Amino acid sequence: MAAFCPPRLGHHCSSPVMLHTDSKSARGFFYLVPSHSAGNLQESRRVRSYLVGKKLRKRKPKPGVMAAKPKLYYFRGRGRMESIRWLLAAAGVEFEEEFFETREQYEKLKKDGLLLFGQVPLVEIDGMALTQTRAILSYLAAKYNLHGKDLKERVRIDMYTDGTLDLMMMVASAAFKPPGEKEENLAFVVEKAKTRYFPVFEKILKDQGEDFLVGNKFSWADIQLLEAILMMEELDASVLSDFPLLQAFKTRISNIPTIKKFLQPGSQRKPPPDSHYVKVVRNVLQF
C-alpha cells in the first residue's frame, strides 16, 4: 500500500490516497482508499479515473489480435490471380503469397477442403478461404471501398470489370497455345481491344467527363482497366494511339501513389507468362 497523488491533478493534492492492488484479480483491478477516514471522495474518484485511463493506454495488444495479411495461393505468374494482386496493391494492402511448384501442394489444399470446386486462385482473408476470381475481387472491392456508393454504381463497376477481365483472360489462355496459334490468338486479342473494348471505355470517359469511370471516384473499374491497358501495350505499344482519353486515363491512374509503387521493379506484380510458368501450371493442374 502506498500514498499516491496523480500529477495531472495539479500542484496540490489535498487528500493523497492509498493504492491497493489485488493480485488475485484476473483483470488487475485496484482499489483506492483515502489516507484520511474523512478523505475527499470526489478526488479519490478523479484519481481512479486517472489510473484507469493510464492503465488502458499502456495496455499492449494481445498476441494474435492484429489481423493477418491476406494470403494468396497461386502460381508464380499472372493468370487469374493478377487482378487480385492489383486490387490489393491499389488499396494499399500488404499480402503474402505461396506459389505452387508441385502437384502435392495443390493436392494438399484440395484434401484440406480449401478449394471449393478444386480450383485456384485461393485467397485466405478475414478467416475465410475464398475461391472463384470474380467473387474474390468483388469482396475485396467492397471491403476496401472500391465498389461504388450504391447499387447503381456497383452494377456499372461490375459490367466494366467483367469486360476487362474477359479481355485479359484471352491473353492468359493464349500462353498455353502452340507457338503459331499463340501468335494468332494474341493478334486477335489486340484487334478486339482496339475495336470492341477500348472504344467503349473511350466513350464512357467522354460521356462521364470525369477523371474516373464511375461516380468520379477511384474504383475497382479504374484499377482493372489500367491493368488491361498495360497488358495490351505489352503486345502492341501503339494500341492506344486512337484513344486520347484512355491515354490521359493511363497517365492519371498510373500516378496514384499505391499503383505507382506497384508498377515499380521489385513489386509483387508478375511478368508476362513464359515457358517455365506454362510448364509448372501444366504439371500441377495436369492438363
# chains A, B, ... in the order shown; residues from 1 in each chain; ligands from 1
call {"tool": "residues_around", "arguments": {"residues": "A:Ile253", "least_positions_apart": "6", "cutoff": "12 Å", "atoms": "only C-alpha atoms", "output": "list in words"}}
result
Ala90, Asp211, Phe212, Leu213, Lys217, Phe218, Ser219, Trp220, Ala221, Asp222, Ile223, Gln224, Leu225, Leu226, Glu227, Ile229, Leu230, Leu246, Gln247, Ile259, Lys260, Lys261, Phe262 and Leu263 of chain A
call {"tool": "select_by_dssp", "arguments": {"residues": "stretch 27-273 of chain A", "states": "alpha helix (DSSP H)", "output": "VMD selection string"}}
result
chain A and resid 41 to 58 82 to 90 103 to 111 133 to 143 151 to 174 179 to 192 198 to 208 220 to 235 244 to 254 257 to 262
call {"tool": "residues_around", "arguments": {"residues": "stretch 275-283 of chain A", "least_positions_apart": "3", "cutoff": "9 Å", "atoms": "only C-alpha atoms", "output": "JSON, numbers by chain"}}
result
{"A": [75, 76, 77, 100, 101, 102, 103, 175, 176, 286, 287]}
call {"tool": "atom_distance", "arguments": {"atom1": "atom CA of A:Lys192", "atom2": "atom CA of A:Asp158"}}
result
19.9 Å
call {"tool": "select_by_dssp", "arguments": {"residues": "stretch 36-272 of chain A", "states": "strand (DSSP E or B)", "output": "PyMOL selection string"}}
result
chain A and resi 71-74+96-99+122-125+128-131
call {"tool": "write_last_selection", "arguments": {"atoms": "all heavy atoms", "output": "compact mmCIF listing (two decimals), in the first residue's frame"}}
result
# COMPACT_ATOMS: atom_id res chain seq x y z
N LYS A 71 -3.47 -13.98 -47.62
CA LYS A 71 -2.50 -14.91 -48.20
C LYS A 71 -3.05 -15.46 -49.50
O LYS A 71 -4.17 -15.96 -49.54
CB LYS A 71 -2.19 -16.04 -47.23
CG LYS A 71 -1.05 -16.94 -47.70
CD LYS A 71 -0.57 -17.88 -46.62
CE LYS A 71 0.62 -18.72 -47.11
NZ LYS A 71 1.12 -19.63 -46.06
N LEU A 72 -2.25 -15.35 -50.54
CA LEU A 72 -2.66 -15.74 -51.88
C LEU A 72 -1.95 -17.03 -52.30
O LEU A 72 -0.72 -17.13 -52.15
CB LEU A 72 -2.31 -14.63 -52.89
CG LEU A 72 -3.20 -13.38 -52.95
CD1 LEU A 72 -3.42 -12.74 -51.59
CD2 LEU A 72 -2.61 -12.36 -53.93
N TYR A 73 -2.72 -17.98 -52.78
CA TYR A 73 -2.17 -19.25 -53.24
C TYR A 73 -2.37 -19.35 -54.75
O TYR A 73 -3.49 -19.40 -55.25
CB TYR A 73 -2.89 -20.43 -52.57
CG TYR A 73 -2.71 -20.52 -51.07
CD1 TYR A 73 -3.47 -19.74 -50.21
CD2 TYR A 73 -1.78 -21.40 -50.52
CE1 TYR A 73 -3.32 -19.82 -48.84
CE2 TYR A 73 -1.63 -21.50 -49.13
CZ TYR A 73 -2.40 -20.71 -48.30
OH TYR A 73 -2.27 -20.79 -46.94
N TYR A 74 -1.25 -19.40 -55.46
CA TYR A 74 -1.34 -19.48 -56.92
C TYR A 74 0.04 -19.81 -57.48
O TYR A 74 0.97 -20.13 -56.74
CB TYR A 74 -1.86 -18.15 -57.49
CG TYR A 74 -2.47 -18.26 -58.87
CD1 TYR A 74 -3.65 -18.97 -59.07
CD2 TYR A 74 -1.87 -17.67 -59.97
CE1 TYR A 74 -4.22 -19.07 -60.33
CE2 TYR A 74 -2.43 -17.76 -61.23
CZ TYR A 74 -3.60 -18.47 -61.41
OH TYR A 74 -4.16 -18.58 -62.66
N GLU A 96 0.65 -11.76 -48.51
CA GLU A 96 1.65 -12.82 -48.64
C GLU A 96 1.24 -13.75 -49.78
O GLU A 96 0.06 -13.83 -50.13
CB GLU A 96 1.76 -13.61 -47.34
CG GLU A 96 2.18 -12.76 -46.15
CD GLU A 96 2.16 -13.54 -44.84
OE1 GLU A 96 1.64 -14.68 -44.85
OE2 GLU A 96 2.67 -13.02 -43.83
N GLU A 97 2.22 -14.46 -50.31
CA GLU A 97 1.93 -15.38 -51.40
C GLU A 97 2.61 -16.73 -51.18
O GLU A 97 3.72 -16.80 -50.65
CB GLU A 97 2.42 -14.81 -52.73
CG GLU A 97 1.72 -13.53 -53.14
CD GLU A 97 2.06 -13.12 -54.55
OE1 GLU A 97 1.42 -13.63 -55.50
OE2 GLU A 97 2.97 -12.29 -54.72
N GLU A 98 1.92 -17.79 -51.56
CA GLU A 98 2.51 -19.12 -51.61
C GLU A 98 2.35 -19.62 -53.03
O GLU A 98 1.24 -19.68 -53.56
CB GLU A 98 1.84 -20.07 -50.63
CG GLU A 98 2.46 -21.47 -50.64
CD GLU A 98 1.93 -22.37 -49.53
OE1 GLU A 98 1.81 -21.90 -48.38
OE2 GLU A 98 1.64 -23.55 -49.83
N PHE A 99 3.47 -19.98 -53.65
CA PHE A 99 3.46 -20.36 -55.06
C PHE A 99 3.49 -21.87 -55.22
O PHE A 99 4.26 -22.57 -54.57
CB PHE A 99 4.67 -19.74 -55.77
CG PHE A 99 4.72 -18.24 -55.71
CD1 PHE A 99 5.72 -17.59 -55.02
CD2 PHE A 99 3.74 -17.48 -56.32
CE1 PHE A 99 5.77 -16.21 -54.95
CE2 PHE A 99 3.76 -16.10 -56.27
CZ PHE A 99 4.78 -15.46 -55.57
N LEU A 122 -6.82 -19.12 -54.77
CA LEU A 122 -7.33 -19.21 -53.40
C LEU A 122 -6.77 -18.03 -52.62
O LEU A 122 -5.58 -17.74 -52.70
CB LEU A 122 -6.89 -20.52 -52.75
CG LEU A 122 -7.04 -20.63 -51.23
CD1 LEU A 122 -8.51 -20.65 -50.82
CD2 LEU A 122 -6.32 -21.88 -50.70
N VAL A 123 -7.65 -17.36 -51.87
CA VAL A 123 -7.21 -16.25 -51.02
C VAL A 123 -7.74 -16.49 -49.61
O VAL A 123 -8.95 -16.67 -49.42
CB VAL A 123 -7.72 -14.89 -51.54
CG1 VAL A 123 -7.37 -13.77 -50.55
CG2 VAL A 123 -7.14 -14.58 -52.91
N GLU A 124 -6.85 -16.49 -48.65
CA GLU A 124 -7.23 -16.57 -47.24
C GLU A 124 -7.27 -15.16 -46.68
O GLU A 124 -6.26 -14.44 -46.69
CB GLU A 124 -6.24 -17.42 -46.45
CG GLU A 124 -6.32 -18.90 -46.76
CD GLU A 124 -5.40 -19.75 -45.91
OE1 GLU A 124 -4.37 -19.21 -45.43
OE2 GLU A 124 -5.69 -20.95 -45.73
N ILE A 125 -8.44 -14.76 -46.20
CA ILE A 125 -8.61 -13.40 -45.68
C ILE A 125 -9.80 -13.38 -44.73
O ILE A 125 -10.81 -14.06 -44.96
CB ILE A 125 -8.83 -12.38 -46.84
CG1 ILE A 125 -8.89 -10.95 -46.31
CG2 ILE A 125 -10.07 -12.73 -47.65
CD1 ILE A 125 -8.90 -9.89 -47.42
N MET A 128 -11.55 -16.54 -43.80
CA MET A 128 -12.23 -17.29 -44.86
C MET A 128 -11.23 -17.78 -45.90
O MET A 128 -10.18 -17.17 -46.10
CB MET A 128 -13.28 -16.41 -45.55
CG MET A 128 -14.37 -15.89 -44.64
SD MET A 128 -15.60 -14.91 -45.58
CE MET A 128 -14.63 -13.48 -46.02
N ALA A 129 -11.59 -18.86 -46.57
CA ALA A 129 -10.84 -19.35 -47.72
C ALA A 129 -11.70 -19.07 -48.95
O ALA A 129 -12.71 -19.75 -49.18
CB ALA A 129 -10.54 -20.84 -47.58
N LEU A 130 -11.33 -18.06 -49.72
CA LEU A 130 -12.14 -17.63 -50.85
C LEU A 130 -11.59 -18.18 -52.17
O LEU A 130 -10.39 -18.13 -52.42
CB LEU A 130 -12.18 -16.10 -50.93
CG LEU A 130 -12.71 -15.36 -49.70
CD1 LEU A 130 -12.71 -13.86 -49.96
CD2 LEU A 130 -14.11 -15.84 -49.34
N THR A 131 -12.48 -18.68 -52.99
CA THR A 131 -12.13 -19.11 -54.34
C THR A 131 -13.09 -18.43 -55.32
O THR A 131 -14.03 -17.76 -54.91
CB THR A 131 -12.23 -20.65 -54.49
OG1 THR A 131 -13.58 -21.06 -54.19
CG2 THR A 131 -11.26 -21.36 -53.56
call {"tool": "closest_residue", "arguments": {"among": "A:Pro273, A:Ile256, A:Ala193, A:Gln119", "to": "A:Leu165", "atoms": "only C-alpha atoms"}}
result
A:Ala193
call {"tool": "closest_residue", "arguments": {"among": "A:Glu181, A:Asp207, A:Glu104, A:Asp126", "to": "A:Leu140", "atoms": "only C-alpha atoms"}}
result
A:Asp126
call {"tool": "atom_distance", "arguments": {"atom1": "atom CA of A:Asp274", "atom2": "atom CA of A:Val171"}}
result
12.6 Å
call {"tool": "closest_residue", "arguments": {"among": "A:Arg78, A:Asn216, A:Gly148, A:Thr258", "to": "A:Glu94", "atoms": "only C-alpha atoms"}}
result
A:Thr258
call {"tool": "residues_around", "arguments": {"residues": "A:Gly118", "least_positions_apart": "3", "cutoff": "12 Å", "atoms": "only C-alpha atoms", "output": "compact mmCIF listing (two decimals) with N, CA, C and O atoms, in the first residue's frame"}}
result
# COMPACT_ATOMS: atom_id res chain seq x y z
N TYR A 106 -0.84 -28.55 -54.40
CA TYR A 106 -2.21 -28.37 -54.87
C TYR A 106 -3.13 -29.43 -54.27
O TYR A 106 -4.24 -29.13 -53.79
N GLU A 107 -2.68 -30.68 -54.26
CA GLU A 107 -3.47 -31.78 -53.72
C GLU A 107 -3.73 -31.60 -52.22
O GLU A 107 -4.81 -31.94 -51.73
N LYS A 108 -2.76 -31.05 -51.52
CA LYS A 108 -2.94 -30.84 -50.08
C LYS A 108 -4.06 -29.84 -49.81
O LYS A 108 -4.88 -30.03 -48.91
N LEU A 109 -4.12 -28.78 -50.59
CA LEU A 109 -5.19 -27.79 -50.43
C LEU A 109 -6.56 -28.41 -50.71
O LEU A 109 -7.54 -28.13 -50.02
N LYS A 110 -6.60 -29.27 -51.72
CA LYS A 110 -7.85 -29.96 -52.03
C LYS A 110 -8.24 -30.90 -50.89
O LYS A 110 -9.41 -30.93 -50.47
N LYS A 111 -7.28 -31.64 -50.37
CA LYS A 111 -7.54 -32.57 -49.28
C LYS A 111 -8.01 -31.85 -48.02
O LYS A 111 -8.86 -32.34 -47.28
N ASP A 112 -7.46 -30.66 -47.79
CA ASP A 112 -7.84 -29.86 -46.62
C ASP A 112 -9.19 -29.17 -46.80
O ASP A 112 -9.66 -28.48 -45.89
N GLY A 113 -9.80 -29.33 -47.97
CA GLY A 113 -11.11 -28.74 -48.21
C GLY A 113 -11.10 -27.25 -48.46
O GLY A 113 -12.13 -26.58 -48.30
N LEU A 114 -9.95 -26.70 -48.88
CA LEU A 114 -9.85 -25.24 -49.07
C LEU A 114 -10.23 -24.80 -50.48
O LEU A 114 -10.49 -23.62 -50.70
N LEU A 115 -10.24 -25.74 -51.42
CA LEU A 115 -10.59 -25.39 -52.80
C LEU A 115 -12.02 -25.84 -53.08
O LEU A 115 -12.28 -27.01 -53.33
N PRO A 121 -7.62 -19.39 -58.32
CA PRO A 121 -6.91 -18.91 -57.15
C PRO A 121 -7.64 -19.16 -55.82
O PRO A 121 -8.86 -19.33 -55.79
N LEU A 122 -6.82 -19.12 -54.77
CA LEU A 122 -7.33 -19.21 -53.40
C LEU A 122 -6.77 -18.03 -52.62
O LEU A 122 -5.58 -17.74 -52.70
N LEU A 130 -11.33 -18.06 -49.72
CA LEU A 130 -12.14 -17.63 -50.85
C LEU A 130 -11.59 -18.18 -52.17
O LEU A 130 -10.39 -18.13 -52.42
N THR A 131 -12.48 -18.68 -52.99
CA THR A 131 -12.13 -19.11 -54.34
C THR A 131 -13.09 -18.43 -55.32
O THR A 131 -14.03 -17.76 -54.91
N GLN A 132 -12.83 -18.64 -56.61
CA GLN A 132 -13.57 -18.03 -57.72
C GLN A 132 -13.18 -16.55 -57.86
O GLN A 132 -13.47 -15.71 -57.02
N LEU A 285 -1.61 -28.78 -62.58
CA LEU A 285 -3.02 -29.00 -62.89
C LEU A 285 -3.26 -30.20 -63.80
O LEU A 285 -4.41 -30.59 -64.03
call {"tool": "closest_residue", "arguments": {"among": "A:Lys203, A:Lys143, A:Arg134, A:Lys270", "to": "A:Met159", "atoms": "only C-alpha atoms"}}
result
A:Arg134
call {"tool": "decode", "arguments": {"residues": "stretch 162-271 of chain A", "atoms": "C-alpha atoms", "output": "compact mmCIF listing (two decimals), in the first residue's frame"}}
result
# COMPACT_ATOMS: atom_id res chain seq x y z
CA ASP A 162 -16.30 -8.19 -66.32
CA GLY A 163 -15.40 -6.76 -69.74
CA THR A 164 -11.75 -6.06 -68.93
CA LEU A 165 -11.37 -9.42 -67.18
CA ASP A 166 -12.72 -11.21 -70.26
CA LEU A 167 -10.18 -9.35 -72.40
CA MET A 168 -7.27 -10.22 -70.12
CA MET A 169 -8.27 -13.87 -69.83
CA MET A 170 -7.98 -14.14 -73.61
CA VAL A 171 -4.34 -13.13 -73.25
CA ALA A 172 -3.81 -15.53 -70.36
CA SER A 173 -5.21 -18.51 -72.24
CA ALA A 174 -3.12 -17.75 -75.34
CA ALA A 175 0.04 -18.61 -73.40
CA PHE A 176 -0.98 -22.29 -73.46
CA LYS A 177 -1.48 -22.48 -77.23
CA PRO A 178 1.12 -23.90 -79.65
CA PRO A 179 3.53 -21.18 -80.91
CA GLY A 180 1.83 -20.40 -84.23
CA GLU A 181 -1.64 -20.49 -82.76
CA LYS A 182 -0.50 -18.41 -79.81
CA GLU A 183 0.60 -15.53 -82.05
CA GLU A 184 -2.68 -15.64 -83.95
CA ASN A 185 -4.63 -15.56 -80.70
CA LEU A 186 -2.69 -12.58 -79.36
CA ALA A 187 -3.15 -10.65 -82.60
CA PHE A 188 -6.87 -11.39 -82.38
CA VAL A 189 -6.97 -10.10 -78.78
CA VAL A 190 -5.23 -6.84 -79.71
CA GLU A 191 -7.71 -6.33 -82.54
CA LYS A 192 -10.61 -6.94 -80.15
CA ALA A 193 -9.13 -4.44 -77.72
CA LYS A 194 -8.95 -1.80 -80.46
CA THR A 195 -12.37 -2.43 -82.00
CA ARG A 196 -14.57 -3.67 -79.17
CA TYR A 197 -13.25 -2.87 -75.70
CA PHE A 198 -11.25 0.35 -75.84
CA PRO A 199 -13.82 2.28 -77.93
CA VAL A 200 -16.37 1.52 -75.19
CA PHE A 201 -14.15 2.90 -72.44
CA GLU A 202 -13.16 5.92 -74.50
CA LYS A 203 -16.86 6.75 -74.87
CA ILE A 204 -17.52 6.17 -71.16
CA LEU A 205 -14.79 8.65 -70.24
CA LYS A 206 -16.10 11.16 -72.78
CA ASP A 207 -19.72 10.85 -71.59
CA GLN A 208 -18.70 10.83 -67.94
CA GLY A 209 -16.49 13.89 -68.32
CA GLU A 210 -14.66 12.95 -65.13
CA ASP A 211 -11.30 11.51 -64.12
CA PHE A 212 -12.71 8.11 -63.22
CA LEU A 213 -15.08 5.60 -64.82
CA VAL A 214 -17.82 5.61 -62.17
CA GLY A 215 -19.09 8.38 -59.89
CA ASN A 216 -15.94 10.48 -60.24
CA LYS A 217 -14.32 8.30 -57.61
CA PHE A 218 -11.44 5.85 -57.88
CA SER A 219 -12.78 2.30 -58.05
CA TRP A 220 -12.04 -1.30 -58.93
CA ALA A 221 -13.12 -0.50 -62.51
CA ASP A 222 -10.28 2.03 -62.90
CA ILE A 223 -7.70 -0.37 -61.48
CA GLN A 224 -8.65 -3.20 -63.79
CA LEU A 225 -8.88 -1.02 -66.88
CA LEU A 226 -5.33 0.21 -66.29
CA GLU A 227 -4.19 -3.39 -65.85
CA ALA A 228 -5.80 -4.30 -69.18
CA ILE A 229 -4.30 -1.27 -70.96
CA LEU A 230 -0.78 -2.11 -69.82
CA MET A 231 -1.25 -5.74 -70.79
CA MET A 232 -2.36 -4.74 -74.30
CA GLU A 233 0.57 -2.34 -74.64
CA GLU A 234 2.93 -5.25 -73.99
CA LEU A 235 1.51 -6.80 -77.15
CA ASP A 236 1.22 -3.61 -79.20
CA ALA A 237 2.82 -0.39 -77.95
CA SER A 238 0.58 1.73 -80.18
CA VAL A 239 -2.71 0.16 -79.06
CA LEU A 240 -3.93 3.47 -77.53
CA SER A 241 -2.98 5.67 -80.49
CA ASP A 242 -6.63 6.30 -81.41
CA PHE A 243 -7.83 6.79 -77.83
CA PRO A 244 -6.63 10.11 -76.35
CA LEU A 245 -8.88 9.94 -73.30
CA LEU A 246 -7.57 6.49 -72.44
CA GLN A 247 -4.01 7.78 -72.84
CA ALA A 248 -4.72 10.50 -70.29
CA PHE A 249 -6.53 7.99 -68.07
CA LYS A 250 -3.50 5.70 -68.13
CA THR A 251 -1.18 8.51 -67.02
CA ARG A 252 -3.57 9.70 -64.33
CA ILE A 253 -4.25 6.30 -62.73
CA SER A 254 -0.62 5.20 -63.01
CA ASN A 255 0.37 8.13 -60.80
CA ILE A 256 -1.90 7.20 -57.89
CA PRO A 257 0.70 6.52 -55.16
CA THR A 258 -0.24 2.91 -54.38
CA ILE A 259 -0.41 1.99 -58.06
CA LYS A 260 2.78 3.85 -58.87
CA LYS A 261 4.50 1.79 -56.18
CA PHE A 262 3.07 -1.46 -57.60
CA LEU A 263 4.40 -0.57 -61.05
CA GLN A 264 7.96 -0.23 -59.75
CA PRO A 265 10.52 -3.04 -60.20
CA GLY A 266 10.61 -5.41 -57.25
CA SER A 267 6.88 -5.25 -56.50
CA GLN A 268 4.60 -8.28 -56.37
CA ARG A 269 3.36 -7.57 -59.88
CA LYS A 270 4.10 -10.52 -62.13
CA PRO A 271 5.70 -10.53 -65.61
